[in-house]
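J.: This one is work_25.cif, mmCIF, C-alpha atoms and all ligand atoms.
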```
data_work
loop_
_atom_site.label_atom_id
_atom_site.label_comp_id
_atom_site.auth_asym_id
_atom_site.auth_seq_id
_atom_site.Cartn_x
_atom_site.Cartn_y
_atom_site.Cartn_z
CA MET Y 1 -55.67 85.40 100.48
CA GLN Y 2 -54.21 88.05 98.18
CA VAL Y 3 -50.40 88.14 97.94
CA ALA Y 4 -47.73 89.65 95.70
CA GLY Y 5 -45.76 86.98 93.91
CA ILE Y 6 -45.19 84.97 90.78
CA ASN Y 7 -47.26 82.51 88.76
CA GLU Y 8 -44.16 81.04 87.14
CA ILE Y 9 -40.42 81.22 87.69
CA GLY Y 10 -39.14 84.30 85.85
CA GLY Y 11 -42.65 85.74 85.52
CA PRO Y 12 -43.65 89.27 86.58
CA VAL Y 13 -44.58 90.09 90.16
CA GLU Y 14 -48.36 90.33 90.31
CA ILE Y 15 -51.26 90.12 92.75
CA LEU Y 16 -52.24 86.47 93.18
CA ASP Y 17 -55.01 84.68 95.00
CA VAL Y 18 -53.49 81.77 96.91
CA GLN Y 19 -54.91 79.41 99.52
CA ASP Y 20 -55.25 80.67 103.08
CA PRO Y 21 -52.76 79.13 105.53
CA ARG Y 22 -53.40 75.49 106.43
CA PRO Y 23 -53.71 74.35 110.10
CA LEU Y 24 -50.41 74.82 111.94
CA ALA Y 25 -47.91 72.03 112.58
CA ALA Y 26 -46.85 71.61 116.21
CA ASP Y 27 -43.69 73.78 115.87
CA GLU Y 28 -45.26 76.63 113.87
CA VAL Y 29 -46.86 80.02 114.47
CA LEU Y 30 -49.16 82.09 112.29
CA ILE Y 31 -48.12 85.72 111.87
CA ALA Y 32 -50.35 88.61 110.78
CA VAL Y 33 -47.78 90.41 108.64
CA LYS Y 34 -47.41 94.15 109.30
CA ALA Y 35 -44.60 94.61 106.77
CA ALA Y 36 -42.21 92.44 104.74
CA GLY Y 37 -38.79 93.26 103.29
CA ILE Y 38 -38.00 93.65 99.59
CA GLY Y 39 -34.36 92.90 98.72
CA ASN Y 40 -32.08 92.05 95.81
CA TRP Y 41 -32.35 88.41 96.92
CA ASP Y 42 -36.08 88.39 96.00
CA GLU Y 43 -35.04 88.88 92.38
CA ILE Y 44 -32.90 85.76 92.69
CA VAL Y 45 -35.96 83.89 94.00
CA ARG Y 46 -38.16 85.33 91.23
CA THR Y 47 -35.74 84.19 88.52
CA GLY Y 48 -35.20 80.71 89.95
CA GLY Y 49 -31.71 81.10 91.42
CA TRP Y 50 -32.74 80.51 95.04
CA ASP Y 51 -35.11 77.71 96.09
CA VAL Y 52 -36.80 79.02 99.25
CA GLY Y 53 -39.10 76.04 99.70
CA ALA Y 54 -42.35 77.18 98.07
CA SER Y 55 -43.53 76.37 94.57
CA VAL Y 56 -45.43 78.56 92.10
CA PRO Y 57 -47.90 80.16 92.27
CA MET Y 58 -46.17 81.69 95.28
CA ALA Y 59 -45.87 84.86 97.31
CA LEU Y 60 -42.33 86.24 97.24
CA GLY Y 61 -40.63 87.61 100.35
CA VAL Y 62 -38.26 85.93 102.81
CA GLU Y 63 -38.39 88.33 105.79
CA ALA Y 64 -41.21 89.92 107.72
CA ALA Y 65 -42.42 91.52 110.94
CA GLY Y 66 -45.84 91.05 112.42
CA VAL Y 67 -48.05 89.87 115.26
CA VAL Y 68 -48.39 86.21 116.27
CA THR Y 69 -52.07 85.21 116.01
CA GLU Y 70 -51.91 81.42 116.60
CA VAL Y 71 -49.32 78.97 117.91
CA GLY Y 72 -48.83 75.24 117.32
CA GLU Y 73 -49.25 72.80 120.21
CA ASN Y 74 -45.50 72.42 120.93
CA VAL Y 75 -44.60 76.12 120.76
CA ASP Y 76 -43.11 77.47 123.99
CA GLY Y 77 -42.17 81.08 124.54
CA PHE Y 78 -44.35 82.72 121.89
CA HIS Y 79 -48.02 83.58 122.31
CA PRO Y 80 -50.80 85.30 120.36
CA GLY Y 81 -50.17 89.03 120.48
CA ASP Y 82 -46.37 88.80 120.47
CA GLU Y 83 -44.60 91.18 118.06
CA VAL Y 84 -41.92 89.36 116.07
CA LEU Y 85 -39.61 89.49 113.07
CA CYS Y 86 -38.19 86.57 111.11
CA HIS Y 87 -36.34 85.12 108.13
CA PRO Y 88 -38.43 81.92 108.00
CA LEU Y 89 -36.65 79.64 105.54
CA GLN Y 90 -37.34 77.13 104.17
CA LEU Y 91 -40.84 78.57 103.67
CA ARG Y 92 -43.54 76.35 105.18
CA HIS Y 93 -46.44 77.66 103.05
CA GLN Y 94 -46.08 80.99 101.22
CA GLY Y 95 -43.63 83.88 101.10
CA ALA Y 96 -43.86 86.99 103.25
CA TRP Y 97 -45.48 89.42 100.78
CA ALA Y 98 -48.81 88.24 102.14
CA PRO Y 99 -51.19 89.13 104.97
CA LEU Y 100 -50.53 85.83 106.79
CA LEU Y 101 -47.28 83.90 107.15
CA ILE Y 102 -46.57 80.46 108.66
CA ALA Y 103 -43.14 80.29 110.35
CA PRO Y 104 -41.39 77.84 112.67
CA ALA Y 105 -41.20 79.32 116.17
CA SER Y 106 -37.45 78.54 116.34
CA LEU Y 107 -36.77 81.20 113.67
CA LEU Y 108 -38.65 84.06 115.38
CA ALA Y 109 -37.12 87.03 117.17
CA ARG Y 110 -38.96 89.42 119.44
CA LYS Y 111 -39.44 92.91 118.01
CA PRO Y 112 -38.27 95.61 120.42
CA ALA Y 113 -41.15 98.02 121.04
CA SER Y 114 -39.08 100.99 119.89
CA VAL Y 115 -38.44 99.53 116.42
CA ALA Y 116 -40.94 100.46 113.69
CA TRP Y 117 -42.70 97.66 111.79
CA GLU Y 118 -41.11 98.63 108.46
CA THR Y 119 -37.63 98.70 109.98
CA ALA Y 120 -38.10 95.32 111.66
CA ALA Y 121 -39.43 93.82 108.43
CA ALA Y 122 -36.44 94.74 106.28
CA PHE Y 123 -33.81 93.96 108.91
CA PRO Y 124 -33.56 90.13 109.14
CA VAL Y 125 -31.73 89.17 105.93
CA PRO Y 126 -29.13 91.97 105.86
CA ALA Y 127 -28.54 91.77 109.62
CA LEU Y 128 -28.12 87.98 109.74
CA THR Y 129 -25.89 88.11 106.66
CA ALA Y 130 -23.66 90.81 108.13
CA GLU Y 131 -23.37 89.09 111.51
CA GLN Y 132 -22.59 85.69 109.98
CA VAL Y 133 -19.91 87.21 107.71
CA LEU Y 134 -18.17 88.95 110.58
CA THR Y 135 -18.45 86.35 113.34
CA GLU Y 136 -18.33 83.11 111.36
CA ALA Y 137 -16.71 83.56 107.92
CA LEU Y 138 -14.15 86.18 108.98
CA ALA Y 139 -14.02 85.60 112.77
CA LEU Y 140 -13.23 89.32 113.02
CA LYS Y 141 -11.15 90.40 116.01
CA ALA Y 142 -10.99 93.76 117.81
CA GLY Y 143 -8.16 95.93 116.54
CA GLU Y 144 -8.05 94.36 113.06
CA THR Y 145 -8.44 96.45 109.94
CA LEU Y 146 -11.48 95.37 107.88
CA LEU Y 147 -12.43 96.71 104.48
CA VAL Y 148 -16.14 96.69 103.48
CA HIS Y 149 -16.59 97.02 99.70
CA GLY Y 150 -20.12 98.24 98.90
CA ALA Y 151 -20.82 99.88 102.26
CA GLY Y 152 -23.47 102.23 100.81
CA GLY Y 153 -26.00 99.39 100.56
CA VAL Y 154 -28.44 98.03 103.09
CA THR Y 155 -26.25 95.04 104.01
CA GLY Y 156 -23.00 96.99 103.61
CA GLY Y 157 -24.14 99.59 106.14
CA LEU Y 158 -24.81 96.92 108.76
CA LEU Y 159 -21.46 95.28 108.02
CA VAL Y 160 -19.71 98.56 108.85
CA GLN Y 161 -21.71 99.18 112.03
CA LEU Y 162 -21.41 95.62 113.40
CA ALA Y 163 -17.66 95.56 112.68
CA VAL Y 164 -17.21 98.88 114.51
CA LEU Y 165 -19.15 97.45 117.48
CA ARG Y 166 -16.68 94.53 117.49
CA GLY Y 167 -13.79 96.98 117.77
CA ALA Y 168 -12.43 96.69 114.23
CA ASN Y 169 -10.84 99.57 112.31
CA VAL Y 170 -13.18 99.81 109.33
CA LEU Y 171 -12.30 101.13 105.88
CA ALA Y 172 -15.08 101.21 103.28
CA THR Y 173 -16.07 101.99 99.70
CA SER Y 174 -19.27 103.64 98.56
CA GLY Y 175 -20.61 105.98 95.92
CA PRO Y 176 -20.21 109.75 96.57
CA ALA Y 177 -23.80 110.15 97.79
CA SER Y 178 -23.34 107.53 100.53
CA MET Y 179 -19.92 108.59 101.88
CA ALA Y 180 -21.09 110.85 104.70
CA ARG Y 181 -23.57 108.22 105.89
CA VAL Y 182 -20.94 105.46 105.86
CA ARG Y 183 -18.62 107.69 107.92
CA GLN Y 184 -21.45 108.19 110.42
CA TYR Y 185 -21.62 104.40 110.75
CA GLY Y 186 -18.05 104.59 112.06
CA ALA Y 187 -15.85 103.93 109.01
CA LEU Y 188 -12.47 105.62 109.45
CA GLU Y 189 -12.02 106.26 105.70
CA VAL Y 190 -14.47 105.88 102.82
CA PHE Y 191 -13.18 105.55 99.25
CA ASP Y 192 -15.23 106.30 96.13
CA TYR Y 193 -15.60 103.01 94.25
CA ASN Y 194 -15.66 104.99 90.96
CA ASP Y 195 -11.98 105.90 91.45
CA PRO Y 196 -9.94 102.99 90.04
CA SER Y 197 -7.09 103.80 92.39
CA TRP Y 198 -9.22 103.11 95.51
CA PRO Y 199 -7.55 99.73 96.30
CA ALA Y 200 -4.11 101.37 96.30
CA LEU Y 201 -5.41 104.23 98.47
CA ALA Y 202 -6.91 101.75 100.92
CA ARG Y 203 -3.65 99.77 101.21
CA ARG Y 204 -1.78 103.03 101.84
CA VAL Y 205 -4.21 104.16 104.56
CA ALA Y 206 -3.96 100.76 106.28
CA ALA Y 207 -0.16 101.21 106.34
CA ALA Y 208 2.11 98.60 107.89
CA ALA Y 209 -0.49 96.50 109.74
CA GLY Y 210 -2.38 96.11 106.49
CA ILE Y 211 -5.95 95.05 105.73
CA THR Y 212 -6.32 91.56 107.19
CA ALA Y 213 -10.03 90.99 106.46
CA VAL Y 214 -12.27 92.07 103.58
CA VAL Y 215 -15.98 91.65 102.94
CA ASN Y 216 -17.36 92.22 99.49
CA ALA Y 217 -21.00 93.38 99.21
CA ALA Y 218 -20.69 94.87 95.70
CA ARG Y 219 -21.83 92.88 92.68
CA ASP Y 220 -18.79 91.33 90.94
CA GLY Y 221 -16.55 93.20 93.37
CA ALA Y 222 -14.78 90.37 95.20
CA ALA Y 223 -11.64 90.16 93.04
CA THR Y 224 -10.97 93.91 93.25
CA ALA Y 225 -11.66 93.95 96.97
CA MET Y 226 -9.30 90.98 97.46
CA SER Y 227 -6.43 93.01 95.99
CA THR Y 228 -6.40 95.17 99.13
CA LEU Y 229 -5.66 92.22 101.45
CA VAL Y 230 -2.32 91.31 102.98
CA ASP Y 231 -0.92 87.87 102.13
CA GLY Y 232 -2.68 85.29 104.31
CA GLY Y 233 -5.73 87.55 104.87
CA ARG Y 234 -9.42 86.54 104.82
CA LEU Y 235 -11.99 87.44 102.18
CA ALA Y 236 -15.74 86.87 102.44
CA THR Y 237 -18.10 87.73 99.61
CA ILE Y 238 -21.91 87.81 99.68
CA THR Y 239 -22.41 88.32 95.94
CA SER Y 240 -21.61 84.78 94.71
CA ASP Y 241 -18.36 85.83 93.04
CA PRO Y 242 -15.58 84.12 95.03
CA PRO Y 243 -12.20 84.48 93.33
CA ALA Y 244 -9.69 81.61 93.32
CA GLU Y 245 -7.54 81.55 96.44
CA GLU Y 246 -4.12 83.21 96.05
CA ARG Y 247 -1.32 84.55 98.27
CA GLY Y 248 -2.52 82.36 101.14
CA ILE Y 249 -5.81 84.28 101.35
CA SER Y 250 -8.82 82.26 102.51
CA VAL Y 251 -12.03 82.88 100.54
CA SER Y 252 -15.58 82.36 101.88
CA ASN Y 253 -18.69 82.49 99.72
CA VAL Y 254 -21.38 83.36 102.27
CA TYR Y 255 -25.13 82.74 102.05
CA VAL Y 256 -27.43 83.90 104.84
CA ARG Y 257 -28.68 81.27 107.31
CA PRO Y 258 -31.94 81.67 109.30
CA ASP Y 259 -31.31 81.88 113.07
CA GLY Y 260 -33.97 83.14 115.49
CA ALA Y 261 -31.69 83.57 118.52
CA GLN Y 262 -29.03 85.44 116.53
CA LEU Y 263 -31.70 87.67 114.97
CA GLU Y 264 -33.09 88.50 118.41
CA ARG Y 265 -29.65 89.66 119.63
CA LEU Y 266 -29.29 91.83 116.51
CA ALA Y 267 -32.80 93.26 116.95
CA GLU Y 268 -31.87 94.21 120.52
CA LEU Y 269 -28.95 96.27 119.16
CA LEU Y 270 -31.42 98.02 116.87
CA GLY Y 271 -33.83 98.59 119.76
CA ASN Y 272 -31.00 100.06 121.89
CA ASP Y 273 -30.00 102.46 119.08
CA GLN Y 274 -26.62 100.75 118.72
CA LEU Y 275 -27.48 100.17 115.05
CA THR Y 276 -29.02 102.53 112.48
CA PHE Y 277 -31.21 101.06 109.76
CA ALA Y 278 -33.26 103.21 107.37
CA VAL Y 279 -36.29 102.23 105.31
CA ALA Y 280 -36.57 104.38 102.18
CA SER Y 281 -39.50 102.86 100.32
CA SER Y 282 -42.84 101.59 101.65
CA ASN Y 283 -45.22 99.97 99.16
CA ARG Y 284 -48.62 98.32 98.85
CA LEU Y 285 -48.84 94.76 97.46
CA ALA Y 286 -49.70 96.17 94.01
CA GLY Y 287 -46.44 98.15 94.03
CA ALA Y 288 -44.18 95.29 95.10
CA GLY Y 289 -42.98 94.46 91.58
CA ALA Y 290 -42.00 98.04 90.78
CA ALA Y 291 -40.34 98.37 94.18
CA LEU Y 292 -38.30 95.21 93.58
CA ALA Y 293 -37.22 96.52 90.17
CA ALA Y 294 -36.08 99.78 91.80
CA VAL Y 295 -34.08 97.89 94.43
CA VAL Y 296 -32.38 95.79 91.75
CA ALA Y 297 -31.64 98.89 89.64
CA GLY Y 298 -29.99 100.51 92.65
CA GLY Y 299 -32.52 103.32 92.76
CA VAL Y 300 -33.31 103.04 96.47
CA SER Y 301 -30.99 104.46 99.15
CA GLY Y 302 -32.15 102.44 102.14
CA ALA Y 303 -34.34 99.39 102.55
CA ALA Y 304 -37.68 98.73 100.86
CA VAL Y 305 -40.78 97.08 102.30
CA VAL Y 306 -44.25 95.98 101.32
CA ILE Y 307 -47.28 96.49 103.59
CA PRO Y 308 -49.78 93.71 102.81
N1 LIG S 401 -25.28 85.98 100.05
C1 LIG S 401 -26.28 86.43 100.81
O1 LIG S 401 -26.83 85.71 101.65
C2 LIG S 401 -26.70 87.87 100.64
C3 LIG S 401 -27.41 88.50 101.66
C4 LIG S 401 -27.71 89.85 101.53
C5 LIG S 401 -27.34 90.52 100.36
N2 LIG S 401 -26.70 89.85 99.38
C6 LIG S 401 -26.28 90.54 98.14
O2 LIG S 401 -25.33 91.52 98.50
C7 LIG S 401 -25.42 92.63 97.63
C8 LIG S 401 -25.56 93.89 98.45
O3 LIG S 401 -26.76 93.79 99.19
P1 LIG S 401 -27.43 95.08 99.79
O4 LIG S 401 -28.59 94.64 100.58
O5 LIG S 401 -26.43 95.92 100.50
O6 LIG S 401 -27.89 95.80 98.44
P2 LIG S 401 -28.30 97.31 98.16
O7 LIG S 401 -28.88 97.93 99.37
O8 LIG S 401 -29.07 97.30 96.90
O9 LIG S 401 -26.91 98.03 97.94
C9 LIG S 401 -26.11 97.85 96.86
C10 LIG S 401 -25.07 98.94 96.96
O10 LIG S 401 -24.01 98.62 96.09
C11 LIG S 401 -23.30 99.81 95.92
N3 LIG S 401 -22.60 99.74 94.65
C12 LIG S 401 -23.11 99.87 93.40
N4 LIG S 401 -22.12 99.75 92.50
C13 LIG S 401 -20.98 99.55 93.22
C14 LIG S 401 -19.63 99.37 92.85
N5 LIG S 401 -19.23 99.36 91.57
N6 LIG S 401 -18.73 99.20 93.84
C15 LIG S 401 -19.11 99.20 95.15
N7 LIG S 401 -20.37 99.35 95.55
C16 LIG S 401 -21.28 99.53 94.58
C17 LIG S 401 -24.28 100.95 95.97
O11 LIG S 401 -23.71 101.84 96.88
P3 LIG S 401 -23.87 103.43 96.82
O12 LIG S 401 -25.28 103.67 97.29
O13 LIG S 401 -22.86 103.89 97.78
O14 LIG S 401 -23.64 103.87 95.41
C18 LIG S 401 -25.54 100.31 96.51
O15 LIG S 401 -26.09 101.02 97.57
C19 LIG S 401 -26.61 92.35 96.71
O16 LIG S 401 -26.12 91.82 95.49
C20 LIG S 401 -27.41 91.29 97.46
O17 LIG S 401 -28.16 90.45 96.62
C21 LIG S 401 -26.37 88.54 99.49
#
```
When written as structure tokens, how does the structure in this file appear?
T.:
Amino acid sequence: MQVAGINEIGGPVEILDVQDPRPLAADEVLIAVKAAGIGNWDEIVRTGGWDVGASVPMALGVEAAGVVTEVGENVDGFHPGDEVLCHPLQLRHQGAWAPLLIAPASLLARKPASVAWETAAAFPVPALTAEQVLTEALALKAGETLLVHGAGGVTGGLLVQLAVLRGANVLATSGPASMARVRQYGALEVFDYNDPSWPALARRVAAAAGITAVVNAARDGAATAMSTLVDGGRLATITSDPPAEERGISVSNVYVRPDGAQLERLAELLGNDQLTFAVASSNRLAGAGAALAAVVAGGVSGAAVVIP
């Protein structure tokens, strides 16, 4: 089958001919991919910083939405024809920028009928990341004040919305072009990250109760974001830049974990219009490399997908 991927670690994204999927193991399903997400994390896979279980030559892509076409002999609960989304790591065969994807049934979520294929495809990694930061790393409580640094991004936007749904008071940073959108997500105040005084402004807005939890979703932003926390607060970062602990602040360096049941609950929120998630760039396999470069350069306001 034809896929978009790499022939060698660090090589360019190109169209490759790889073997068709092998017969399924008992716990697996075969998915006809309708769309697959393109995210910053695919650049980390391309350059060898994230081992996702496949070896070169390999299709990139770690999230997808599609239709189940075959199921392994021990699969309960999913059948041919079911519409699903997934973050199927470790990969069993090839990545998701491909017409066919093998995934373990335990990592599937049902796609609500109201959610478009492109939206479902780009949702798994940012949604699972945001949920795991808030519920596990930060154990965010209703009424707390949370700051989201980098809220203009795909993952940052979900962090704001999921925190608001949990009853937190959310402060955020973004670039000027994203501020109105981040306010619509429910942030009480949005600070321009270009203004070096934003941490002081955020501490002032939070007043006496202070900012007790911070999540950093901006590259190299964790140390600056940490400066807004009260002593004894909690910081989680998703950009691999955890600062040393200080002032009694706990620091979590979070990496997304596949979880089918958690993804299904998040997809239901999307299907019920409790979450907003925009896809800005839809590409053919031949355009996947350029689309990934645009995502990494920050030139896409919203998620990007490939349609195999
Ligand atoms: N650890 C994990 O498991 C995990 C999972 C998901 C994502 N990530 C990482 O988290 C980061 C964000 O992901 P994403 O999906 O939200 O990426 P994204 O959609 O590309 O968004 C990045 C955002 O960063 C904002 N930004 C740029 N410069 C900034 C600065 N100096 N200060 C604050 N914000 C700034 C931009 O916001 P404006 O548009 O407002 O300018 C941009 O939209 C990426 O590095 C990604 O690789 C890690």
J.: Distance atom O9 of ligand LIG 401 (chain S)-atom CA of Y:Ala120, one decimal place?
T.: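 Between atom O9 of ligand LIG 401 (chain S) and atom CA of Y:Ala120 the gap is 17.9 Å.
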J.: Name each residue within 8 Å of ligand LIG 401 (chain S), counting all atoms listed in the file, as a PyMOL selection string.
T.: chain Y and resi 39-41+44+125-126+129-130+149-157+173-179+193-194+217-219+221+237-240+253-257+295-298+300-303
J.: Starting from the point (-46.1, 93.2, 95.2), work out which residues of protein, DNA or RNA have an atom no more than 8 Å away when counting only C-alpha atoms; state them as a PyMOL selection string.
T.: chain Y and resi 3-5+13-15+97+283-291+306
J.: Which residue gives the smallest distance to Y:Ala142 among Y:Gly233, Y:Val170, Y:Asp259, Y:Val182, with only C-alpha atoms counted?
T.: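 Answer, going by the shortest atom-to-atom distance: Y:Val170.
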J.: Tell me, as a short mmCIF file (atom, residue, chain, number, x, y, z; two decimals) with C-alpha atoms, in the frame of the given file, which residues lie within 6 Å of Y:Ala304, counting all atoms listed in the file; anything in the same chain fewer than 2 positions away does not count.
T.:
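Below is the file result-v8.cif, written as the result:
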```
data_model
loop_
_atom_site.label_atom_id
_atom_site.label_comp_id
_atom_site.auth_asym_id
_atom_site.auth_seq_id
_atom_site.Cartn_x
_atom_site.Cartn_y
_atom_site.Cartn_z
CA ILE Y 38 -38.00 93.65 99.59
CA VAL Y 279 -36.29 102.23 105.31
CA ALA Y 280 -36.57 104.38 102.18
CA SER Y 281 -39.50 102.86 100.32
CA SER Y 282 -42.84 101.59 101.65
#
```
J.: Which one of Y:Gly186, Y:Gly260, Y:Pro308, Y:Gly66 sits closest to Y:Ala116 if you count only C-alpha atoms?
T.: Y:Gly66
J.: Rounded to one decimal place, report the atom CA of Y:Ala236-atom CA of Y:Val160 distance in Å.
T.: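 Separation between atom CA of Y:Ala236 and atom CA of Y:Val160: 13.9 Å.
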J.: Could you list, as a VMD selection string, every residue within 8 Å of Y:Leu235, counting all atoms listed in the file and ignoring same-chain residues fewer than 5 positions away?
T.: chain Y and resid 138 213 to 216 226 229 249 to 252
J.: At a cut-off of 10 Å, using all atoms listed in the file, what residues contact Y:Asp76? Leave out same-chain residues fewer than 4 positions from it and give the result as a PDB file with C-alpha atoms, in the coordinates of the input.
T.:
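The resulting part_5.pdb:
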```
ATOM      1  CA  ASP Y  27     -43.690  73.780 115.870  1.00  0.00           C
ATOM      2  CA  VAL Y  71     -49.320  78.970 117.910  1.00  0.00           C
ATOM      3  CA  GLY Y  72     -48.830  75.240 117.320  1.00  0.00           C
ATOM      4  CA  ALA Y 105     -41.200  79.320 116.170  1.00  0.00           C
ATOM      5  CA  SER Y 106     -37.450  78.540 116.340  1.00  0.00           C
TER       6      SER Y 106
END
```
